[in-house]
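Chemist: Input start00.tsv, format and content: TSV, C-alpha atoms.
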```
chain	number	residue	atom	x	y	z
A	95	MET	CA	71.57	-8.44	25.57
A	96	LYS	CA	70.75	-5.17	23.81
A	97	ILE	CA	69.80	-2.21	26.05
A	98	GLY	CA	69.05	1.36	24.98
A	99	LEU	CA	68.14	4.71	26.52
A	100	ILE	CA	65.64	7.22	25.10
A	101	ALA	CA	65.97	10.57	26.88
A	102	PRO	CA	66.83	14.22	26.12
A	103	ALA	CA	70.58	14.74	25.76
A	104	ALA	CA	70.56	17.20	28.68
A	105	SER	CA	68.90	14.74	31.11
A	106	PRO	CA	70.90	14.31	34.38
A	107	LEU	CA	69.19	10.97	35.05
A	108	GLY	CA	69.97	9.88	31.49
A	109	ARG	CA	73.63	10.70	32.02
A	110	ARG	CA	73.83	8.76	35.28
A	111	LEU	CA	71.87	5.77	34.00
A	112	HIS	CA	73.87	5.62	30.77
A	113	ALA	CA	77.11	5.51	32.78
A	114	GLY	CA	75.72	2.74	35.00
A	115	LEU	CA	74.64	0.69	32.01
A	116	ARG	CA	78.00	1.09	30.28
A	117	ARG	CA	79.80	-0.17	33.40
A	118	ARG	CA	77.73	-3.33	33.18
A	119	MET	CA	77.22	-3.75	29.43
A	120	GLY	CA	80.28	-2.10	27.88
A	121	ASN	CA	80.20	0.80	25.44
A	122	ASP	CA	77.46	-0.67	23.24
A	123	VAL	CA	74.55	1.08	25.00
A	124	PRO	CA	72.99	3.53	22.54
A	125	TRP	CA	71.52	6.78	23.86
A	126	PHE	CA	68.77	8.16	21.61
A	127	ASP	CA	68.18	11.90	22.05
A	128	ALA	CA	64.43	12.27	22.61
A	129	SER	CA	64.57	15.94	21.58
A	130	MET	CA	65.30	14.64	18.06
A	131	PRO	CA	67.80	17.31	16.91
A	132	GLU	CA	68.35	18.08	13.28
A	133	GLY	CA	70.03	15.16	11.50
A	134	THR	CA	68.20	12.43	13.45
A	135	ARG	CA	67.16	9.56	11.17
A	136	MET	CA	63.97	7.73	12.25
A	137	SER	CA	61.43	5.48	10.55
A	138	VAL	CA	58.44	3.34	11.45
A	139	CYS	CA	57.28	0.83	8.84
A	140	ARG	CA	56.05	-2.74	8.38
A	141	THR	CA	59.57	-4.12	8.57
A	142	GLY	CA	60.57	-2.47	11.82
A	143	ILE	CA	61.34	0.65	13.85
A	144	ARG	CA	64.67	2.34	13.23
A	145	TRP	CA	66.52	5.22	14.88
A	146	ASP	CA	69.87	6.29	13.44
A	147	GLY	CA	70.45	2.82	12.02
A	148	HIS	CA	69.42	0.89	15.18
A	149	GLU	CA	66.44	-1.49	15.00
A	150	LEU	CA	64.61	-0.59	18.21
A	151	ASP	CA	62.12	-3.44	18.00
A	152	ARG	CA	65.04	-5.88	18.30
A	153	PHE	CA	66.27	-4.46	21.62
A	154	ASP	CA	65.76	-6.43	24.83
A	155	ALA	CA	64.93	-3.33	26.90
A	156	LEU	CA	64.53	0.42	26.36
A	157	PHE	CA	64.35	2.98	29.15
A	158	VAL	CA	62.34	6.13	28.35
A	159	HIS	CA	62.87	9.28	30.43
A	160	GLY	CA	61.49	12.79	29.98
A	161	PHE	CA	58.43	11.68	27.99
A	162	ARG	CA	54.97	12.72	29.09
A	163	TYR	CA	51.48	12.47	27.64
A	164	GLU	CA	50.13	15.65	26.11
A	165	ASP	CA	47.57	16.36	23.41
A	166	PRO	CA	49.64	16.45	20.19
A	167	VAL	CA	47.14	18.81	18.56
A	168	ILE	CA	47.73	21.59	21.08
A	169	PRO	CA	51.24	23.15	20.98
A	170	ALA	CA	52.97	23.43	24.33
A	171	ALA	CA	53.13	26.81	26.05
A	172	ASP	CA	56.89	26.88	25.53
A	173	PRO	CA	57.35	27.51	21.78
A	174	GLY	CA	60.91	26.18	21.87
A	175	THR	CA	62.26	29.15	19.95
A	176	GLU	CA	65.53	30.94	20.55
A	177	PRO	CA	65.57	33.45	23.44
A	178	GLY	CA	64.72	36.86	22.10
A	179	ALA	CA	62.68	35.55	19.15
A	180	ASP	CA	61.06	38.33	17.15
A	181	TRP	CA	57.35	37.79	17.79
A	182	SER	CA	56.46	40.45	15.24
A	183	LEU	CA	57.35	37.71	12.73
A	184	TRP	CA	55.43	34.48	12.24
A	185	GLN	CA	57.00	31.82	14.50
A	186	SER	CA	56.28	28.23	13.49
A	187	GLU	CA	58.60	26.28	15.80
A	188	HIS	CA	55.58	25.05	17.80
A	189	VAL	CA	54.33	23.25	14.66
A	190	ARG	CA	57.65	21.45	14.25
A	191	ARG	CA	57.69	20.57	17.94
A	192	GLN	CA	54.17	19.11	17.64
A	193	GLN	CA	55.26	17.03	14.66
A	194	ARG	CA	58.32	15.71	16.50
A	195	TYR	CA	56.20	14.82	19.51
A	196	SER	CA	53.55	13.09	17.39
A	197	PHE	CA	56.18	10.94	15.72
A	198	LEU	CA	57.82	10.02	19.03
A	199	TYR	CA	54.41	9.13	20.49
A	200	SER	CA	53.60	6.92	17.48
A	201	MET	CA	56.99	5.22	17.58
A	202	LEU	CA	56.82	4.45	21.32
A	203	SER	CA	53.25	3.18	20.90
A	204	ARG	CA	54.45	0.75	18.24
A	205	LEU	CA	57.24	-0.40	20.55
A	206	GLU	CA	54.62	-1.35	23.15
A	207	ASP	CA	53.48	-4.06	20.73
A	208	ALA	CA	57.05	-5.28	20.13
A	209	PRO	CA	58.85	-7.89	22.29
A	210	VAL	CA	60.77	-5.12	24.10
A	211	ARG	CA	60.75	-4.32	27.82
A	212	LEU	CA	59.72	-0.65	27.67
A	213	TYR	CA	60.20	1.55	30.77
A	214	ASN	CA	57.63	3.27	30.30
A	215	GLY	CA	55.41	3.36	27.22
A	216	PRO	CA	52.79	5.96	26.24
A	217	SER	CA	49.87	3.89	27.57
A	218	GLY	CA	51.23	4.14	31.11
A	219	HIS	CA	51.67	7.91	30.81
A	220	LEU	CA	48.18	8.25	29.34
A	221	ALA	CA	46.68	6.28	32.25
A	222	ALA	CA	48.52	8.56	34.69
A	223	PHE	CA	47.47	11.82	32.98
A	224	SER	CA	44.17	12.24	34.84
A	225	ARG	CA	45.05	11.80	38.50
A	226	HIS	CA	41.44	11.20	39.51
A	227	HIS	CA	41.02	8.46	36.90
A	228	GLN	CA	44.30	6.98	38.10
A	229	LEU	CA	42.97	6.66	41.66
A	230	GLU	CA	39.67	5.19	40.45
A	231	ARG	CA	41.55	2.59	38.41
A	232	LEU	CA	43.59	1.52	41.43
A	233	ASP	CA	40.43	1.42	43.57
A	234	ARG	CA	38.79	-0.93	41.06
A	235	GLY	CA	41.93	-3.06	41.26
A	236	GLY	CA	41.35	-3.63	44.97
A	237	LEU	CA	43.86	-1.13	46.42
A	238	ARG	CA	43.05	1.45	49.11
A	239	VAL	CA	43.21	4.96	47.66
A	240	ALA	CA	42.45	8.49	48.84
A	241	SER	CA	38.72	9.28	48.81
A	242	ALA	CA	39.20	12.11	46.33
A	243	ILE	CA	36.77	14.27	44.42
A	244	CYS	CA	37.48	16.54	41.44
A	245	THR	CA	35.62	19.84	41.54
A	246	ASN	CA	35.62	23.60	40.98
A	247	ASP	CA	32.30	24.12	42.81
A	248	PRO	CA	32.70	26.22	45.99
A	249	VAL	CA	29.63	24.66	47.62
A	250	THR	CA	30.77	21.10	46.92
A	251	ALA	CA	34.24	21.93	48.22
A	252	ARG	CA	32.83	23.53	51.39
A	253	ASP	CA	30.55	20.54	52.10
A	254	PHE	CA	33.42	18.12	51.43
A	255	ALA	CA	35.68	19.97	53.87
A	256	ARG	CA	32.94	20.08	56.53
A	257	SER	CA	32.31	16.36	56.18
A	258	ALA	CA	36.02	15.66	56.60
A	259	ALA	CA	36.20	17.97	59.62
A	260	ASP	CA	33.29	16.08	61.23
A	261	GLN	CA	35.49	12.97	61.01
A	262	GLY	CA	38.46	14.82	62.50
A	263	ARG	CA	40.30	15.05	59.18
A	264	ALA	CA	41.80	17.92	57.24
A	265	VAL	CA	41.53	18.23	53.45
A	266	VAL	CA	44.38	18.47	50.95
A	267	TRP	CA	44.34	19.49	47.30
A	268	ARG	CA	46.39	19.16	44.11
A	269	THR	CA	45.98	19.86	40.40
A	270	ALA	CA	44.04	17.27	38.40
A	271	THR	CA	46.99	16.57	36.06
A	272	GLY	CA	50.77	16.82	36.04
A	273	LYS	CA	53.33	16.69	38.83
A	274	CYS	CA	52.19	18.47	41.98
A	275	ALA	CA	52.46	18.25	45.76
A	276	TRP	CA	49.34	17.72	47.84
A	277	GLN	CA	48.81	20.84	49.95
A	278	VAL	CA	46.51	21.81	52.80
A	279	PHE	CA	43.10	23.07	51.63
A	280	ARG	CA	41.73	25.82	53.87
A	281	ASP	CA	39.23	28.65	53.39
A	282	ARG	CA	41.93	30.76	51.75
A	283	GLN	CA	42.57	28.06	49.14
A	284	ARG	CA	38.85	27.53	48.58
A	285	GLU	CA	38.38	31.22	47.88
A	286	HIS	CA	41.09	31.28	45.22
A	287	LEU	CA	40.74	27.81	43.66
A	288	MET	CA	37.00	27.31	43.45
A	289	GLY	CA	34.79	28.95	40.81
A	290	ALA	CA	33.13	28.37	37.45
A	291	ASP	CA	36.03	30.20	35.78
A	292	LYS	CA	38.63	27.94	37.42
A	293	PRO	CA	39.81	24.46	36.40
A	294	PRO	CA	38.68	21.63	38.72
A	295	VAL	CA	41.21	20.39	41.27
A	296	LEU	CA	41.45	17.24	43.36
A	297	LEU	CA	40.39	17.30	47.01
A	298	ALA	CA	40.99	14.43	49.43
A	299	PRO	CA	40.71	13.91	53.19
A	300	THR	CA	43.91	13.26	55.09
A	301	VAL	CA	44.70	9.90	56.69
A	302	GLU	CA	46.57	9.50	59.96
A	303	GLY	CA	50.07	8.14	59.43
A	304	PRO	CA	53.45	9.00	57.87
A	305	LEU	CA	53.64	10.09	54.23
A	306	ARG	CA	55.89	7.82	52.18
A	307	ARG	CA	57.04	7.33	48.61
A	308	ALA	CA	57.93	3.87	47.32
A	309	TYR	CA	59.99	3.38	44.15
A	310	ALA	CA	59.39	0.11	42.32
A	311	ILE	CA	60.77	-1.62	39.21
A	312	ASP	CA	58.97	-4.52	37.55
A	313	GLY	CA	56.59	-4.83	40.50
A	314	ARG	CA	59.37	-4.90	43.11
A	315	THR	CA	59.89	-2.03	45.55
A	316	VAL	CA	63.59	-1.09	45.71
A	317	LEU	CA	63.38	1.94	48.02
A	318	THR	CA	60.81	3.51	50.35
A	319	LEU	CA	61.32	7.01	51.73
A	320	GLU	CA	59.85	9.29	54.35
A	321	TRP	CA	60.80	12.95	54.47
A	322	ALA	CA	60.72	15.95	56.75
A	323	PRO	CA	59.61	19.21	55.09
A	324	PRO	CA	61.89	22.25	54.73
A	325	SER	CA	62.46	24.04	58.02
A	326	ASP	CA	63.89	27.35	59.19
A	327	ASP	CA	64.13	26.37	62.84
A	328	ALA	CA	67.62	27.43	63.94
A	329	LEU	CA	69.46	26.71	60.68
A	330	GLU	CA	67.51	26.72	57.42
A	331	ARG	CA	67.45	23.47	55.48
A	332	LEU	CA	65.55	21.79	52.67
A	333	GLU	CA	63.79	18.39	52.84
A	334	VAL	CA	65.45	15.52	54.72
A	335	PHE	CA	64.80	12.07	53.23
A	336	ALA	CA	65.09	8.86	55.26
A	337	PRO	CA	64.86	5.26	54.01
A	338	VAL	CA	62.15	3.13	55.63
A	339	ALA	CA	63.27	-0.42	56.39
A	340	GLY	CA	62.14	-3.40	58.40
A	341	PRO	CA	58.62	-4.80	58.82
A	342	PRO	CA	56.72	-1.55	58.04
A	343	ALA	CA	58.24	-1.15	54.60
A	344	GLU	CA	58.13	-4.89	53.88
A	345	ALA	CA	54.40	-5.03	54.59
A	346	GLU	CA	53.75	-2.16	52.17
A	347	THR	CA	56.09	-3.34	49.39
A	348	HIS	CA	53.50	-5.55	47.75
A	349	GLU	CA	50.95	-2.71	47.54
A	350	ALA	CA	53.33	-0.32	45.79
A	351	GLY	CA	54.33	-2.93	43.22
A	352	ASN	CA	50.69	-3.76	42.55
A	353	ALA	CA	49.83	-0.07	42.08
A	354	LEU	CA	52.43	0.31	39.33
A	355	THR	CA	51.39	-2.94	37.66
A	356	LEU	CA	47.73	-1.87	37.63
A	357	SER	CA	48.86	1.47	36.17
A	358	GLY	CA	50.65	-0.30	33.31
A	359	LEU	CA	54.08	0.87	34.48
A	360	ARG	CA	57.32	-1.08	34.75
A	361	TRP	CA	58.96	1.72	36.75
A	362	GLY	CA	57.69	4.57	38.87
A	363	SER	CA	56.90	5.80	42.37
A	364	VAL	CA	53.83	5.54	44.57
A	365	LEU	CA	52.92	8.25	47.08
A	366	TYR	CA	50.93	6.90	50.02
A	367	VAL	CA	50.13	7.35	53.68
A	368	ALA	CA	50.98	4.39	55.92
A	369	GLY	CA	47.59	4.44	57.64
A	370	PRO	CA	46.50	2.34	60.62
A	371	ASP	CA	44.65	-0.08	58.30
A	372	GLY	CA	47.36	-0.20	55.64
A	373	PRO	CA	48.73	2.08	52.91
A	374	VAL	CA	46.38	4.62	51.31
A	375	ILE	CA	47.57	5.69	47.86
A	376	TYR	CA	47.42	9.36	46.82
A	377	ASP	CA	49.50	9.45	43.65
A	378	VAL	CA	51.51	7.42	41.11
A	379	ASP	CA	54.38	9.00	39.14
A	380	ALA	CA	55.24	7.42	35.78
A	381	ASP	CA	58.60	9.22	35.50
A	382	PRO	CA	59.99	10.12	38.96
A	383	ALA	CA	62.60	12.87	39.28
A	384	VAL	CA	65.34	10.69	40.78
A	385	THR	CA	68.04	13.36	40.52
A	386	ASP	CA	66.16	15.63	42.94
A	387	LEU	CA	66.89	13.20	45.78
A	388	PRO	CA	70.00	13.55	47.99
A	389	GLY	CA	73.12	12.07	46.40
A	390	ALA	CA	73.31	8.52	47.82
A	391	LEU	CA	69.55	7.93	47.53
A	392	GLY	CA	69.38	9.06	43.91
A	393	GLU	CA	72.49	7.05	43.07
A	394	HIS	CA	70.95	3.94	44.64
A	395	LEU	CA	67.82	4.23	42.47
A	396	THR	CA	69.94	4.77	39.36
A	397	GLU	CA	71.96	1.64	40.19
A	398	CYS	CA	68.73	-0.31	40.74
A	399	LEU	CA	67.49	0.77	37.30
A	400	ALA	CA	70.79	-0.06	35.59
A	401	ALA	CA	70.96	-3.48	37.27
A	402	THR	CA	67.37	-4.37	36.39
A	403	LEU	CA	67.78	-3.31	32.76
A	404	ALA	CA	70.95	-5.42	32.55
A	405	GLY	CA	69.17	-8.46	33.97
A	406	GLU	CA	70.85	-8.29	37.39
A	407	PRO	CA	69.23	-8.15	40.86
A	408	PRO	CA	69.00	-4.60	42.26
A	409	PRO	CA	71.45	-3.75	45.05
A	410	PRO	CA	70.15	-3.76	48.65
A	411	ALA	CA	69.32	-0.49	50.38
A	412	ASP	CA	70.63	-1.58	53.80
A	413	SER	CA	73.51	0.90	53.94
A	414	LEU	CA	71.46	4.00	53.06
A	415	ALA	CA	71.01	6.69	55.71
A	416	ALA	CA	68.86	9.80	56.10
A	417	ALA	CA	70.15	12.77	54.12
A	418	PRO	CA	69.06	16.36	53.40
A	419	ARG	CA	68.68	17.78	49.94
A	420	GLU	CA	71.56	19.99	48.90
A	421	SER	CA	70.88	23.59	49.86
A	422	LEU	CA	72.15	26.98	48.78
A	423	PHE	CA	75.49	27.92	50.30
A	424	LEU	CA	74.18	31.41	51.11
A	425	ARG	CA	71.43	30.22	53.40
A	426	ARG	CA	70.00	33.70	53.82
A	427	MET	CA	68.73	33.33	50.23
A	428	LEU	CA	66.37	30.64	51.51
A	429	ARG	CA	64.60	33.24	53.62
A	430	ILE	CA	62.85	34.48	50.49
A	431	GLN	CA	61.45	31.03	49.79
A	432	PHE	CA	60.23	30.57	53.35
A	433	ASP	CA	58.61	34.01	53.33
A	434	ILE	CA	56.82	33.24	50.06
A	435	GLU	CA	55.59	29.92	51.46
A	436	ARG	CA	54.14	31.61	54.54
A	437	THR	CA	52.05	33.99	52.41
A	438	LYS	CA	50.03	30.99	51.23
A	439	HIS	CA	48.68	30.42	54.72
A	440	VAL	CA	48.75	33.76	56.58
A	441	THR	CA	45.23	35.19	56.76
A	442	ALA	CA	46.15	38.59	58.21
A	443	PRO	CA	49.18	40.86	57.78
A	444	PRO	CA	51.81	40.47	60.52
A	445	SER	CA	51.65	42.99	63.35
```
Give the structure from the file, written as structure tokens.
Modeler:
Amino acid sequence: MKIGLIAPAASPLGRRLHAGLRRRMGNDVPWFDASMPEGTRMSVCRTGIRWDGHELDRFDALFVHGFRYEDPVIPAADPGTEPGADWSLWQSEHVRRQQRYSFLYSMLSRLEDAPVRLYNGPSGHLAAFSRHHQLERLDRGGLRVASAICTNDPVTARDFARSAADQGRAVVWRTATGKCAWQVFRDRQREHLMGADKPPVLLAPTVEGPLRRAYAIDGRTVLTLEWAPPSDDALERLEVFAPVAGPPAEAETHEAGNALTLSGLRWGSVLYVAGPDGPVIYDVDADPAVTDLPGALGEHLTECLAATLAGEPPPPADSLAAAPRESLFLRRMLRIQFDIERTKHVTAPPS
């Protein structure tokens, strides 16, 4: 079996996953640097797809991390130049970055047509780019999703919030693209987010029930988590994540796997609320940030990925326990973050 990894050389998940694959497969697990540094040899032609002498279309499985869909015509905001670049001179690094990205996009798109298990290809990232379209697609597939709208109209937003309030529900919001947390949408947020000069955002009513995130590979959920938000009660701490096991998680496993399959993804996470009538999906992530989870939880997901890629069953999650995210040793430094967070919701200066 031939397994490969396509990820930036600096990727923490890439480093962990590569080590896990080498323990199972030996040293013959190539890691292809997705940043394509100078000296990288790549080609796409009628006879195959090659990267530094390896024929990628002959691999059994390739795991892609750190890739995202973006318009290749528009250079990213980060020009990728050296710190302290002289902007009085013409900087063209963004053109080279666009060309590298375009080639990588084309190569991965060709691999989607090859007999290779690709985790995940560009089509899955493209389908996940517009979060509103993503929810509509899952809704058409028969899954229960958040009743979201996408708007920058203050009147529409006000009427939407009033309608939700009449049903005893609050409203949450998030950006229409990219990675983002759903946050409470109050008058203060409506004043700053709504307007003809602002980009539309997603609004959705809340659903009663715990918020959960399920991680699935090839349609099978390998871990479901609930988490408590950061708190400064007594001793400051960051998020605490807890595995969900037993009948509740088992009943929702099928839904999470279906959501990823309908999204064209072999691997990813599904954010949902375990509502009284079943899970209600709010988001699907095509490239979850596994290394942001507490140690044992992140390691479990990495082992599940390595095992699946190697053709082995993923390890059980029975022994996992609740764990907090690692915090700063000087906890007083967290006070700044908590103070900043409060300014998003305080409507009047403190007395």
Chemist: So that I can check the surroundings of Gly114 in chain A, please list as a ChimeraX atom specification every protein, DNA and RNA residue that reaches within 12 Å of it, counting only C-alpha atoms and ignoring chain neighbours fewer than 4 positions away.
Modeler: /A:97,99,107-110,118-121,123,393-404
Chemist: Within 12 Å of (59.7, 2.2, 46.9), in the coordinates the file gives, what residues turn up when you count all atoms listed in the file, written out as a PDB file with C-alpha atoms, in the frame of the given file?
Modeler:
```pdb
ATOM      1  CA  ARG A 306      55.890   7.820  52.180  1.00  0.00           C
ATOM      2  CA  ARG A 307      57.040   7.330  48.610  1.00  0.00           C
ATOM      3  CA  ALA A 308      57.930   3.870  47.320  1.00  0.00           C
ATOM      4  CA  TYR A 309      59.990   3.380  44.150  1.00  0.00           C
ATOM      5  CA  ALA A 310      59.390   0.110  42.320  1.00  0.00           C
ATOM      6  CA  ILE A 311      60.770  -1.620  39.210  1.00  0.00           C
ATOM      7  CA  ASP A 312      58.970  -4.520  37.550  1.00  0.00           C
ATOM      8  CA  GLY A 313      56.590  -4.830  40.500  1.00  0.00           C
ATOM      9  CA  ARG A 314      59.370  -4.900  43.110  1.00  0.00           C
ATOM     10  CA  THR A 315      59.890  -2.030  45.550  1.00  0.00           C
ATOM     11  CA  VAL A 316      63.590  -1.090  45.710  1.00  0.00           C
ATOM     12  CA  LEU A 317      63.380   1.940  48.020  1.00  0.00           C
ATOM     13  CA  THR A 318      60.810   3.510  50.350  1.00  0.00           C
ATOM     14  CA  LEU A 319      61.320   7.010  51.730  1.00  0.00           C
ATOM     15  CA  GLU A 320      59.850   9.290  54.350  1.00  0.00           C
ATOM     16  CA  ALA A 336      65.090   8.860  55.260  1.00  0.00           C
ATOM     17  CA  PRO A 337      64.860   5.260  54.010  1.00  0.00           C
ATOM     18  CA  VAL A 338      62.150   3.130  55.630  1.00  0.00           C
ATOM     19  CA  ALA A 339      63.270  -0.420  56.390  1.00  0.00           C
ATOM     20  CA  ALA A 343      58.240  -1.150  54.600  1.00  0.00           C
ATOM     21  CA  GLU A 344      58.130  -4.890  53.880  1.00  0.00           C
ATOM     22  CA  ALA A 345      54.400  -5.030  54.590  1.00  0.00           C
ATOM     23  CA  GLU A 346      53.750  -2.160  52.170  1.00  0.00           C
ATOM     24  CA  THR A 347      56.090  -3.340  49.390  1.00  0.00           C
ATOM     25  CA  HIS A 348      53.500  -5.550  47.750  1.00  0.00           C
ATOM     26  CA  GLU A 349      50.950  -2.710  47.540  1.00  0.00           C
ATOM     27  CA  ALA A 350      53.330  -0.320  45.790  1.00  0.00           C
ATOM     28  CA  GLY A 351      54.330  -2.930  43.220  1.00  0.00           C
ATOM     29  CA  ASN A 352      50.690  -3.760  42.550  1.00  0.00           C
ATOM     30  CA  ALA A 353      49.830  -0.070  42.080  1.00  0.00           C
ATOM     31  CA  LEU A 354      52.430   0.310  39.330  1.00  0.00           C
ATOM     32  CA  TRP A 361      58.960   1.720  36.750  1.00  0.00           C
ATOM     33  CA  GLY A 362      57.690   4.570  38.870  1.00  0.00           C
ATOM     34  CA  SER A 363      56.900   5.800  42.370  1.00  0.00           C
ATOM     35  CA  VAL A 364      53.830   5.540  44.570  1.00  0.00           C
ATOM     36  CA  LEU A 365      52.920   8.250  47.080  1.00  0.00           C
ATOM     37  CA  TYR A 366      50.930   6.900  50.020  1.00  0.00           C
ATOM     38  CA  VAL A 378      51.510   7.420  41.110  1.00  0.00           C
ATOM     39  CA  ASP A 379      54.380   9.000  39.140  1.00  0.00           C
ATOM     40  CA  PRO A 382      59.990  10.120  38.960  1.00  0.00           C
ATOM     41  CA  VAL A 384      65.340  10.690  40.780  1.00  0.00           C
ATOM     42  CA  LEU A 391      69.550   7.930  47.530  1.00  0.00           C
ATOM     43  CA  HIS A 394      70.950   3.940  44.640  1.00  0.00           C
ATOM     44  CA  LEU A 395      67.820   4.230  42.470  1.00  0.00           C
ATOM     45  CA  CYS A 398      68.730  -0.310  40.740  1.00  0.00           C
ATOM     46  CA  ALA A 411      69.320  -0.490  50.380  1.00  0.00           C
TER      47      ALA A 411
END
```
Chemist: Which residue, A:Gly289, A:Pro131, A:Gly372, A:Gly147, has the smallest gap to Arg194 in chain A when you use all atoms listed in the file?
Modeler: A:Pro131
Chemist: Env of range 204-211 of chain A: 12 Å cut, atoms = all atoms listed in the file, seq-sep filter 3 positions within chain, self excluded. Answer as an mmCIF file with C-alpha atoms, in the coordinates of the input.
Modeler:
```
data_model
loop_
_atom_site.group_PDB
_atom_site.id
_atom_site.type_symbol
_atom_site.label_atom_id
_atom_site.label_comp_id
_atom_site.auth_asym_id
_atom_site.auth_seq_id
_atom_site.Cartn_x
_atom_site.Cartn_y
_atom_site.Cartn_z
ATOM 1 C CA MET A 95 71.570 -8.440 25.570
ATOM 2 C CA LYS A 96 70.750 -5.170 23.810
ATOM 3 C CA ILE A 97 69.800 -2.210 26.050
ATOM 4 C CA GLY A 98 69.050 1.360 24.980
ATOM 5 C CA LEU A 99 68.140 4.710 26.520
ATOM 6 C CA SER A 137 61.430 5.480 10.550
ATOM 7 C CA VAL A 138 58.440 3.340 11.450
ATOM 8 C CA CYS A 139 57.280 0.830 8.840
ATOM 9 C CA ARG A 140 56.050 -2.740 8.380
ATOM 10 C CA THR A 141 59.570 -4.120 8.570
ATOM 11 C CA GLY A 142 60.570 -2.470 11.820
ATOM 12 C CA ILE A 143 61.340 0.650 13.850
ATOM 13 C CA ARG A 144 64.670 2.340 13.230
ATOM 14 C CA GLU A 149 66.440 -1.490 15.000
ATOM 15 C CA LEU A 150 64.610 -0.590 18.210
ATOM 16 C CA ASP A 151 62.120 -3.440 18.000
ATOM 17 C CA ARG A 152 65.040 -5.880 18.300
ATOM 18 C CA PHE A 153 66.270 -4.460 21.620
ATOM 19 C CA ASP A 154 65.760 -6.430 24.830
ATOM 20 C CA ALA A 155 64.930 -3.330 26.900
ATOM 21 C CA LEU A 156 64.530 0.420 26.360
ATOM 22 C CA PHE A 157 64.350 2.980 29.150
ATOM 23 C CA VAL A 158 62.340 6.130 28.350
ATOM 24 C CA PHE A 197 56.180 10.940 15.720
ATOM 25 C CA LEU A 198 57.820 10.020 19.030
ATOM 26 C CA TYR A 199 54.410 9.130 20.490
ATOM 27 C CA SER A 200 53.600 6.920 17.480
ATOM 28 C CA MET A 201 56.990 5.220 17.580
ATOM 29 C CA ASN A 214 57.630 3.270 30.300
ATOM 30 C CA GLY A 215 55.410 3.360 27.220
ATOM 31 C CA PRO A 216 52.790 5.960 26.240
ATOM 32 C CA SER A 217 49.870 3.890 27.570
ATOM 33 C CA GLY A 218 51.230 4.140 31.110
ATOM 34 C CA ILE A 311 60.770 -1.620 39.210
ATOM 35 C CA ASP A 312 58.970 -4.520 37.550
ATOM 36 C CA GLY A 358 50.650 -0.300 33.310
ATOM 37 C CA LEU A 359 54.080 0.870 34.480
ATOM 38 C CA ARG A 360 57.320 -1.080 34.750
ATOM 39 C CA TRP A 361 58.960 1.720 36.750
ATOM 40 C CA THR A 402 67.370 -4.370 36.390
ATOM 41 C CA LEU A 403 67.780 -3.310 32.760
ATOM 42 C CA ALA A 404 70.950 -5.420 32.550
ATOM 43 C CA GLY A 405 69.170 -8.460 33.970
#
```
Chemist: Need to verify the contact set: range 253-266 of chain A, 8 Å, all atoms listed in the file, exclusion of same-chain residues closer than 4 positions in sequence. Can you return it as a list in words?
Modeler: Val249, Trp276, Gln277, Val278, Phe279, Arg280, Leu297, Ala298, Pro299, Thr300 and Val301 of chain A
Chemist: For a test of reading the model, state the distance in Å between CA of Ile430 in chain A and CA of Trp321 in chain A, rounded to one decimal.
Modeler: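 A separation of 22.0 Å between them.
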Chemist: Nearest to Glu302 in chain A: which of A:Ala222, A:Ala101, A:Ala368, A:Leu183 is it, counting all atoms listed in the file?
Modeler: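 Under the stated criterion, the closest residue is A:Ala368.
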Chemist: I need the residue nearest Ala383 in chain A from this list: A:Glu132, A:Lys273, A:Ala113, A:Cys244. Use all atoms listed in the file for the distance.
Modeler: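 Between A:Glu132, A:Lys273, A:Ala113, A:Cys244, the residue approaching Ala383 in chain A most closely is A:Lys273.
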Chemist: Looking at A:His148, A:Trp181, A:Phe161, A:Pro370, which one is nearest to Met136 in chain A, with distances taken over only C-alpha atoms?
Modeler: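 Selected residue with least distance to Met136 in chain A: A:His148.
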Chemist: Counting only C-alpha atoms, which residue out of A:Arg252, A:Arg268, A:Arg190, A:Arg238 sits closest to Ser224 in chain A?
Modeler: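 Closest candidate: A:Arg268.
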Chemist: One number please: CA of Leu356 in chain A to CA of Ala380 in chain A, in Å, one decimal.
Modeler: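 Between CA of Leu356 in chain A and CA of Ala380 in chain A the gap is 12.1 Å.
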Chemist: Between A:Ser325, A:Ser129, A:Ser182, A:Asn246, single out the one closest to Ala104 in chain A, counting all atoms listed in the file.
Modeler: A:Ser129
Chemist: State, in Å with one decimal place, the distance from CA of Gly272 in chain A to CA of Lys292 in chain A.
Modeler: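 Calculated distance between CA of Gly272 in chain A and CA of Lys292 in chain A is 16.5 Å.
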